[in-house]
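*Asks:* Sending over input_15.cif (mmCIF, C-alpha atoms).
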```cif
data_target
#
loop_
_atom_site.label_atom_id
_atom_site.label_comp_id
_atom_site.auth_asym_id
_atom_site.auth_seq_id
_atom_site.Cartn_x
_atom_site.Cartn_y
_atom_site.Cartn_z
CA MET K 1 -18.12 -1.62 -231.56
CA SER K 2 -14.60 -0.87 -230.61
CA ASN K 3 -11.91 -3.52 -230.31
CA THR K 4 -9.93 -1.52 -227.87
CA MET K 5 -9.30 -3.40 -224.53
CA PRO K 6 -9.57 -1.54 -221.17
CA PRO K 7 -6.32 -1.09 -219.37
CA PRO K 8 -5.54 -3.63 -216.61
CA PRO K 9 -6.02 -2.55 -213.01
CA PRO K 10 -2.95 -1.27 -211.17
CA VAL K 11 -1.00 -3.80 -209.15
CA PHE K 12 0.09 -2.63 -205.64
CA PRO K 13 2.96 -4.25 -203.81
CA PRO K 14 1.99 -6.26 -200.63
CA GLN K 15 1.92 -4.17 -197.45
CA PRO K 16 4.03 -5.32 -194.50
CA PRO K 17 2.06 -6.43 -191.36
CA PRO K 18 1.57 -3.72 -188.74
CA PRO K 19 4.08 -3.78 -185.87
CA PRO K 20 2.80 -5.28 -182.56
CA GLN K 21 1.27 -2.75 -180.23
CA ARG K 22 3.61 -1.88 -177.35
CA LYS K 23 2.34 -1.97 -173.81
CA GLY K 24 2.05 1.39 -172.27
CA ALA K 25 3.11 2.31 -168.74
CA SER K 26 -0.48 2.20 -167.55
CA ASN K 27 -0.91 -1.38 -168.72
CA ALA K 28 2.27 -2.48 -166.94
CA VAL K 29 1.07 -0.93 -163.66
CA ILE K 30 -2.33 -2.60 -163.95
CA ILE K 31 -0.79 -5.97 -164.69
CA GLY K 32 1.73 -5.59 -161.84
CA SER K 33 -1.02 -4.63 -159.38
CA ALA K 34 -3.12 -7.58 -160.46
CA ALA K 35 -0.19 -9.91 -159.95
CA ALA K 36 0.42 -8.47 -156.46
CA VAL K 37 -3.24 -8.89 -155.53
CA ILE K 38 -3.24 -12.49 -156.73
CA ALA K 39 -0.05 -13.22 -154.77
CA ALA K 40 -1.54 -11.64 -151.62
CA VAL K 41 -4.71 -13.70 -152.00
CA VAL K 42 -2.68 -16.86 -152.41
CA VAL K 43 -0.52 -16.09 -149.36
CA THR K 44 -3.56 -15.16 -147.29
CA GLY K 45 -5.24 -18.38 -148.29
CA ILE K 46 -2.23 -20.35 -147.18
CA VAL K 47 -2.09 -18.55 -143.81
CA VAL K 48 -5.79 -19.11 -143.21
CA VAL K 49 -5.54 -22.76 -144.09
CA ASN K 50 -2.58 -23.21 -141.80
CA SER K 51 -4.35 -21.36 -139.02
CA ARG K 52 -7.39 -23.63 -139.35
CA ASP K 53 -5.18 -26.68 -139.39
CA ASP K 54 -3.42 -25.47 -136.23
CA ASP K 55 -6.75 -24.99 -134.46
CA LYS K 56 -7.69 -28.59 -135.07
CA LYS K 57 -4.45 -30.00 -133.70
CA PRO K 58 -4.69 -31.15 -130.04
CA GLU K 59 -2.13 -29.86 -127.62
CA THR K 60 0.50 -32.41 -126.86
CA THR K 61 2.77 -32.70 -123.87
CA SER K 62 6.16 -34.19 -124.27
CA SER K 63 6.56 -37.36 -122.28
CA ALA K 64 10.07 -38.10 -123.39
CA GLU K 65 12.35 -38.98 -120.55
CA PRO K 66 15.29 -36.64 -119.96
CA ALA K 67 18.52 -37.71 -121.53
CA ALA K 68 21.26 -39.00 -119.28
CA GLY K 69 23.11 -36.18 -117.66
CA ASP K 70 20.21 -33.73 -117.76
CA ASP K 71 19.28 -32.19 -114.41
CA VAL K 72 15.68 -32.81 -113.31
CA VAL K 73 14.20 -30.47 -110.70
CA ALA K 74 11.09 -31.84 -109.02
CA ASP K 75 8.35 -29.61 -107.69
CA LYS K 76 8.80 -29.19 -103.96
CA GLU K 77 5.74 -29.12 -101.69
CA GLU K 78 5.80 -26.81 -98.72
CA PRO K 79 5.76 -28.86 -95.52
CA VAL K 80 2.57 -28.52 -93.50
CA GLU K 81 2.97 -28.40 -89.77
CA GLU K 82 0.63 -30.87 -88.14
CA GLU K 83 -0.89 -30.01 -84.84
CA SER K 84 -0.33 -32.64 -82.22
CA ALA K 85 -3.32 -34.35 -80.64
CA GLU K 86 -2.42 -32.89 -77.26
CA GLU K 87 -2.23 -29.32 -78.61
CA SER K 88 -5.53 -29.73 -80.46
CA GLU K 89 -7.19 -31.17 -77.39
CA GLU K 90 -5.90 -28.40 -75.16
CA GLU K 91 -6.87 -25.58 -77.52
CA GLY K 92 -10.33 -27.03 -78.09
CA SER K 93 -11.12 -27.66 -74.44
CA ASP K 94 -9.44 -24.83 -72.52
CA ALA K 95 -12.62 -22.74 -72.57
CA ASP K 96 -14.65 -25.66 -71.14
CA VAL K 97 -12.27 -26.68 -68.34
CA ALA K 98 -12.91 -25.44 -64.81
CA GLY K 99 -10.69 -25.33 -61.76
CA LEU K 100 -11.34 -27.64 -58.82
CA ASP K 101 -12.96 -24.82 -56.86
CA ASP K 102 -15.03 -23.40 -59.75
CA THR K 103 -18.77 -23.70 -60.35
CA VAL K 104 -20.09 -24.93 -63.70
CA THR K 105 -23.55 -23.73 -64.73
CA TYR K 106 -25.51 -25.37 -67.56
CA ASP K 107 -27.98 -23.64 -69.88
CA SER K 108 -30.74 -25.37 -67.90
CA ASP K 109 -29.55 -23.41 -64.81
CA VAL K 110 -28.22 -26.57 -63.17
CA GLU K 111 -25.02 -25.95 -61.21
CA VAL K 112 -22.21 -28.41 -60.44
CA LYS K 113 -19.53 -27.66 -57.84
CA LEU K 114 -16.80 -29.74 -56.14
CA SER K 115 -15.77 -29.41 -52.50
CA LYS K 116 -14.14 -31.04 -49.45
CA PHE K 117 -11.16 -32.80 -51.06
CA ALA K 118 -9.49 -35.37 -48.82
CA ARG K 119 -7.05 -38.21 -49.36
CA GLY K 120 -7.59 -41.72 -48.02
CA THR K 121 -7.16 -45.45 -48.62
CA SER K 122 -9.93 -47.90 -49.30
CA SER K 123 -10.56 -50.71 -46.81
CA SER K 124 -10.05 -54.38 -47.44
CA TYR K 125 -13.75 -54.54 -48.34
CA GLY K 126 -13.53 -51.69 -50.86
CA SER K 127 -13.47 -51.97 -54.61
CA PRO K 128 -10.66 -51.79 -55.41
CA GLU K 129 -9.32 -52.64 -51.94
CA ASN K 130 -6.42 -50.99 -50.13
CA THR K 131 -6.09 -48.34 -52.82
CA PRO K 132 -5.08 -44.71 -52.18
CA TYR K 133 -7.72 -42.24 -53.34
CA VAL K 134 -8.94 -38.66 -53.24
CA LYS K 135 -12.47 -38.11 -51.93
CA PHE K 136 -14.61 -35.08 -52.74
CA GLY K 137 -18.20 -33.87 -52.64
CA VAL K 138 -20.17 -33.09 -55.83
CA ARG K 139 -23.03 -30.68 -55.26
CA VAL K 140 -25.73 -30.54 -57.92
CA LYS K 141 -28.13 -27.61 -57.58
CA ASN K 142 -31.23 -27.27 -59.73
CA ASN K 143 -31.91 -23.58 -60.31
CA GLY K 144 -34.07 -24.33 -63.34
CA LYS K 145 -37.76 -25.10 -63.70
CA ALA K 146 -37.55 -28.71 -64.89
CA THR K 147 -36.86 -31.76 -62.73
CA VAL K 148 -33.37 -33.26 -63.06
CA ASP K 149 -33.01 -37.05 -63.03
CA THR K 150 -29.83 -37.49 -60.99
CA SER K 151 -30.17 -41.28 -61.08
CA ALA K 152 -28.15 -40.99 -64.31
CA PHE K 153 -25.37 -39.08 -62.46
CA THR K 154 -21.86 -40.08 -63.59
CA ALA K 155 -18.32 -39.17 -62.50
CA SER K 156 -14.93 -40.28 -63.76
CA CYS K 157 -11.31 -39.28 -63.13
CA SER K 158 -7.79 -39.38 -64.53
CA TYR K 159 -4.56 -38.32 -62.86
CA GLY K 160 -1.02 -37.18 -63.63
CA LYS K 161 0.32 -35.10 -66.49
CA ASP K 162 -0.21 -38.02 -68.85
CA GLY K 163 -3.86 -38.46 -67.85
CA LYS K 164 -3.76 -42.03 -66.54
CA SER K 165 -7.13 -43.64 -66.03
CA SER K 166 -8.33 -43.59 -62.42
CA GLU K 167 -10.71 -46.14 -60.99
CA SER K 168 -13.73 -45.01 -59.00
CA ILE K 169 -13.67 -46.22 -55.39
CA PHE K 170 -16.68 -47.92 -53.82
CA ASP K 171 -16.37 -48.60 -50.11
CA THR K 172 -19.30 -48.58 -47.72
CA GLU K 173 -16.97 -48.39 -44.75
CA ARG K 174 -15.67 -45.06 -46.08
CA GLY K 175 -19.12 -43.77 -47.06
CA LEU K 176 -18.44 -44.23 -50.75
CA ASN K 177 -21.71 -45.67 -52.00
CA GLY K 178 -21.79 -44.39 -55.55
CA GLY K 179 -24.23 -41.97 -57.14
CA PRO K 180 -27.75 -40.92 -56.11
CA ASP K 181 -30.92 -42.69 -57.07
CA THR K 182 -33.39 -39.83 -57.05
CA LYS K 183 -34.87 -36.97 -59.04
CA LEU K 184 -33.94 -33.41 -58.18
CA LEU K 185 -36.86 -30.99 -58.15
CA ALA K 186 -36.56 -27.33 -59.15
CA GLY K 187 -34.89 -25.25 -56.43
CA ARG K 188 -33.38 -28.32 -54.71
CA SER K 189 -29.76 -29.46 -54.41
CA ILE K 190 -27.98 -32.70 -53.58
CA THR K 191 -24.38 -33.53 -52.63
CA VAL K 192 -22.81 -36.81 -53.70
CA THR K 193 -19.64 -38.11 -52.05
CA TRP K 194 -17.29 -39.59 -54.66
CA ALA K 195 -13.74 -40.94 -54.68
CA CYS K 196 -11.19 -41.75 -57.39
CA GLU K 197 -7.91 -43.62 -57.27
CA LEU K 198 -4.95 -41.25 -56.76
CA PRO K 199 -1.47 -42.59 -55.91
CA LYS K 200 0.21 -40.79 -53.02
CA ALA K 201 2.98 -39.49 -55.29
CA GLU K 202 0.45 -37.87 -57.64
CA LYS K 203 -1.38 -34.59 -57.09
CA THR K 204 -2.82 -33.54 -60.47
CA ILE K 205 -6.32 -34.82 -61.11
CA GLN K 206 -9.04 -34.31 -63.70
CA ILE K 207 -12.66 -34.93 -62.76
CA GLU K 208 -15.55 -35.18 -65.20
CA VAL K 209 -19.11 -34.94 -63.87
CA SER K 210 -22.46 -35.24 -65.63
CA PRO K 211 -25.50 -34.49 -63.43
CA ASP K 212 -27.92 -36.39 -65.68
CA MET K 213 -28.16 -38.26 -68.97
CA GLU K 214 -28.96 -35.16 -71.04
CA SER K 215 -26.07 -32.98 -69.87
CA GLU K 216 -22.51 -32.99 -71.17
CA SER K 217 -19.72 -33.65 -68.69
CA ALA K 218 -18.38 -30.71 -66.72
CA ILE K 219 -14.56 -30.96 -66.59
CA PHE K 220 -12.60 -29.86 -63.52
CA THR K 221 -8.84 -30.08 -63.13
CA GLY K 222 -6.18 -29.03 -60.64
CA ASP K 223 -3.82 -30.21 -57.93
CA VAL K 224 -4.75 -31.63 -54.55
CA ARG K 225 -2.54 -31.90 -51.47
#
```
Could the structure of this file be written out as structure tokens, please?
*Replies:*
Amino acid sequence: MSNTMPPPPPVFPPQPPPPPQRKGASNAVIIGSAAAVIAAVVVTGIVVVNSRDDDKKPETTSSAEPAAGDDVVADKEEPVEEESAEESEEEGSDADVAGLDDTVTYDSDVEVKLSKFARGTSSSYGSPENTPYVKFGVRVKNNGKATVDTSAFTASCSYGKDGKSSESIFDTERGLNGGPDTKLLAGRSITVTWACELPKAEKTIQIEVSPDMESESAIFTGDVR
């Protein structure tokens, strides 16, 4: 057995740590792009949140009063011209008004015509008494097939440009006995003598006649001597 000792193992000096790995250009681009994407997502998120918040906010109208010295312009409404009652009446009734010598024919073929105008004054027994009037005949002719109840005959008058109310004159001494009290058969006619108050200084008169209860009034107007 040998007493010779084996040689000791070699001793190596400590190695320095490896230098840190440097980032390449590709890594920098990737990191920069990622940062940009994150920033865009964050900005987008903020915009979306703000947009949603704006949608939820109710619209508000400022009610603050203008400061002193500020000019305030109010909305101006266009004036609307109002039609006078007289104009409306005239326009609406011109087509239905007849002259004193015209004939009015109803849909039932009943005709109404005025005639024989004459001025006069009621007697002391008349109603009203001693009143100037205009007298006229009202002929009602039934050209239809149905009987006309002339017992419901009516007549009324007004005179002057202002349309003053005119009283009907009843005077047996002047033959003014009012309306008929009979029924008018088909093909028959009847003439009623009527009179209305008309001052001597007036000449314009309007006469409204209804031959029966079912018919509207026929309107005649004009001047008498």
*Asks:* Name the residues captured by the PyMOL selection byres ((chain K and resi 206) around 6) when it is applied to the shown file; answer as a PDB file with C-alpha atoms, in the frame of the given file.
*Replies:*
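Saved to part_25.pdb:
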```pdb
ATOM      1  CA  CYS K 157     -11.310 -39.280 -63.130  1.00  0.00           C
ATOM      2  CA  SER K 158      -7.790 -39.380 -64.530  1.00  0.00           C
ATOM      3  CA  ILE K 205      -6.320 -34.820 -61.110  1.00  0.00           C
ATOM      4  CA  ILE K 207     -12.660 -34.930 -62.760  1.00  0.00           C
ATOM      5  CA  PHE K 220     -12.600 -29.860 -63.520  1.00  0.00           C
ATOM      6  CA  THR K 221      -8.840 -30.080 -63.130  1.00  0.00           C
TER       7      THR K 221
END
```
*Asks:* How would you write, as a ChimeraX atom specification, the residues chosen by the PyMOL selection byres ((chain K and resi 202) around 10) on this structure?
*Replies:* /K:159-161,198-201,203-205,223-225
*Asks:* Give me, please, the distance in Å between atom CA of Gly163 of chain K and atom CA of Thr150 of chain K, quoted to one decimal.
*Replies:* 26.9 Å
*Asks:* For this file, the PyMOL selection byres ((chain K and resi 218) around 9) selects which residues, as a ChimeraX atom specification?
*Replies:* /K:96-98,104-106,112,207-211,215-217,219-220
*Asks:* For C-alpha atoms, I'd like the residues from the last selection saved as a PDB file, keeping the file's coordinate frame.
*Replies:*
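Okay, this is what ended up in result30.pdb:
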```pdb
ATOM      1  CA  ASP K  96     -14.650 -25.660 -71.140  1.00  0.00           C
ATOM      2  CA  VAL K  97     -12.270 -26.680 -68.340  1.00  0.00           C
ATOM      3  CA  ALA K  98     -12.910 -25.440 -64.810  1.00  0.00           C
ATOM      4  CA  VAL K 104     -20.090 -24.930 -63.700  1.00  0.00           C
ATOM      5  CA  THR K 105     -23.550 -23.730 -64.730  1.00  0.00           C
ATOM      6  CA  TYR K 106     -25.510 -25.370 -67.560  1.00  0.00           C
ATOM      7  CA  VAL K 112     -22.210 -28.410 -60.440  1.00  0.00           C
ATOM      8  CA  ILE K 207     -12.660 -34.930 -62.760  1.00  0.00           C
ATOM      9  CA  GLU K 208     -15.550 -35.180 -65.200  1.00  0.00           C
ATOM     10  CA  VAL K 209     -19.110 -34.940 -63.870  1.00  0.00           C
ATOM     11  CA  SER K 210     -22.460 -35.240 -65.630  1.00  0.00           C
ATOM     12  CA  PRO K 211     -25.500 -34.490 -63.430  1.00  0.00           C
ATOM     13  CA  SER K 215     -26.070 -32.980 -69.870  1.00  0.00           C
ATOM     14  CA  GLU K 216     -22.510 -32.990 -71.170  1.00  0.00           C
ATOM     15  CA  SER K 217     -19.720 -33.650 -68.690  1.00  0.00           C
ATOM     16  CA  ILE K 219     -14.560 -30.960 -66.590  1.00  0.00           C
ATOM     17  CA  PHE K 220     -12.600 -29.860 -63.520  1.00  0.00           C
TER      18      PHE K 220
END
```
*Asks:* For each of K:Gly137, K:Gly126, K:Gly144, K:Gly187, take the minimum atom-to-atom distance to Ser168 of chain K, counting only C-alpha atoms, then give the residue where this is smallest.
*Replies:* K:Gly126
*Asks:* Could you pull the residues within 12 Å of Asp212 of chain K, counting only C-alpha atoms, minus those fewer than 2 positions along the same chain, as a ChimeraX atom specification?
*Replies:* /K:106,108,110-112,140-142,147-155,179-184,209-210,214-218
*Asks:* Work out how far atom CA of Glu173 of chain K is from atom CA of Cys196 of chain K, in Å to one decimal.
*Replies:*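 Distance reported for this atom pair: 15.4 Å.
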*Asks:* Using all atoms listed in the file, I'd like a table of the residues in segment 105-136 of chain K that come within 12 Å of segment 189-194 of chain K; for each, show the closest atom pair and its distance in Å rounded to one decimal, ordered by chain and ascending number, as JSON lines.
*Replies:*
```
{"residue": "K:Val110", "atom": "CA", "partner": "K:Ser189", "partner_atom": "CA", "distance": 9.4}
{"residue": "K:Glu111", "atom": "CA", "partner": "K:Ser189", "partner_atom": "CA", "distance": 9.0}
{"residue": "K:Val112", "atom": "CA", "partner": "K:Thr191", "partner_atom": "CA", "distance": 9.6}
{"residue": "K:Lys113", "atom": "CA", "partner": "K:Thr191", "partner_atom": "CA", "distance": 9.2}
{"residue": "K:Leu114", "atom": "CA", "partner": "K:Thr191", "partner_atom": "CA", "distance": 9.2}
{"residue": "K:Ser115", "atom": "CA", "partner": "K:Thr193", "partner_atom": "CA", "distance": 9.5}
{"residue": "K:Lys116", "atom": "CA", "partner": "K:Thr193", "partner_atom": "CA", "distance": 9.3}
{"residue": "K:Phe117", "atom": "CA", "partner": "K:Trp194", "partner_atom": "CA", "distance": 9.8}
{"residue": "K:Ala118", "atom": "CA", "partner": "K:Trp194", "partner_atom": "CA", "distance": 10.6}
{"residue": "K:Arg119", "atom": "CA", "partner": "K:Trp194", "partner_atom": "CA", "distance": 11.6}
{"residue": "K:Gly120", "atom": "CA", "partner": "K:Trp194", "partner_atom": "CA", "distance": 11.9}
{"residue": "K:Tyr133", "atom": "CA", "partner": "K:Trp194", "partner_atom": "CA", "distance": 10.0}
{"residue": "K:Val134", "atom": "CA", "partner": "K:Trp194", "partner_atom": "CA", "distance": 8.5}
{"residue": "K:Lys135", "atom": "CA", "partner": "K:Trp194", "partner_atom": "CA", "distance": 5.7}
{"residue": "K:Phe136", "atom": "CA", "partner": "K:Trp194", "partner_atom": "CA", "distance": 5.6}
```
*Asks:* Check the smallest atom-to-atom distance from each of K:Arg188, K:Ser156, K:Tyr125, K:Asn130 to Asp171 of chain K using all atoms listed in the file, then report the winner.
*Replies:*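 Answer, going by the shortest atom-to-atom distance: K:Tyr125.
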*Asks:* Mind pulling up the distance from atom CA of Arg174 of chain K to atom CA of Pro128 of chain K?
*Replies:*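 Those two atoms sit 12.5 Å apart.
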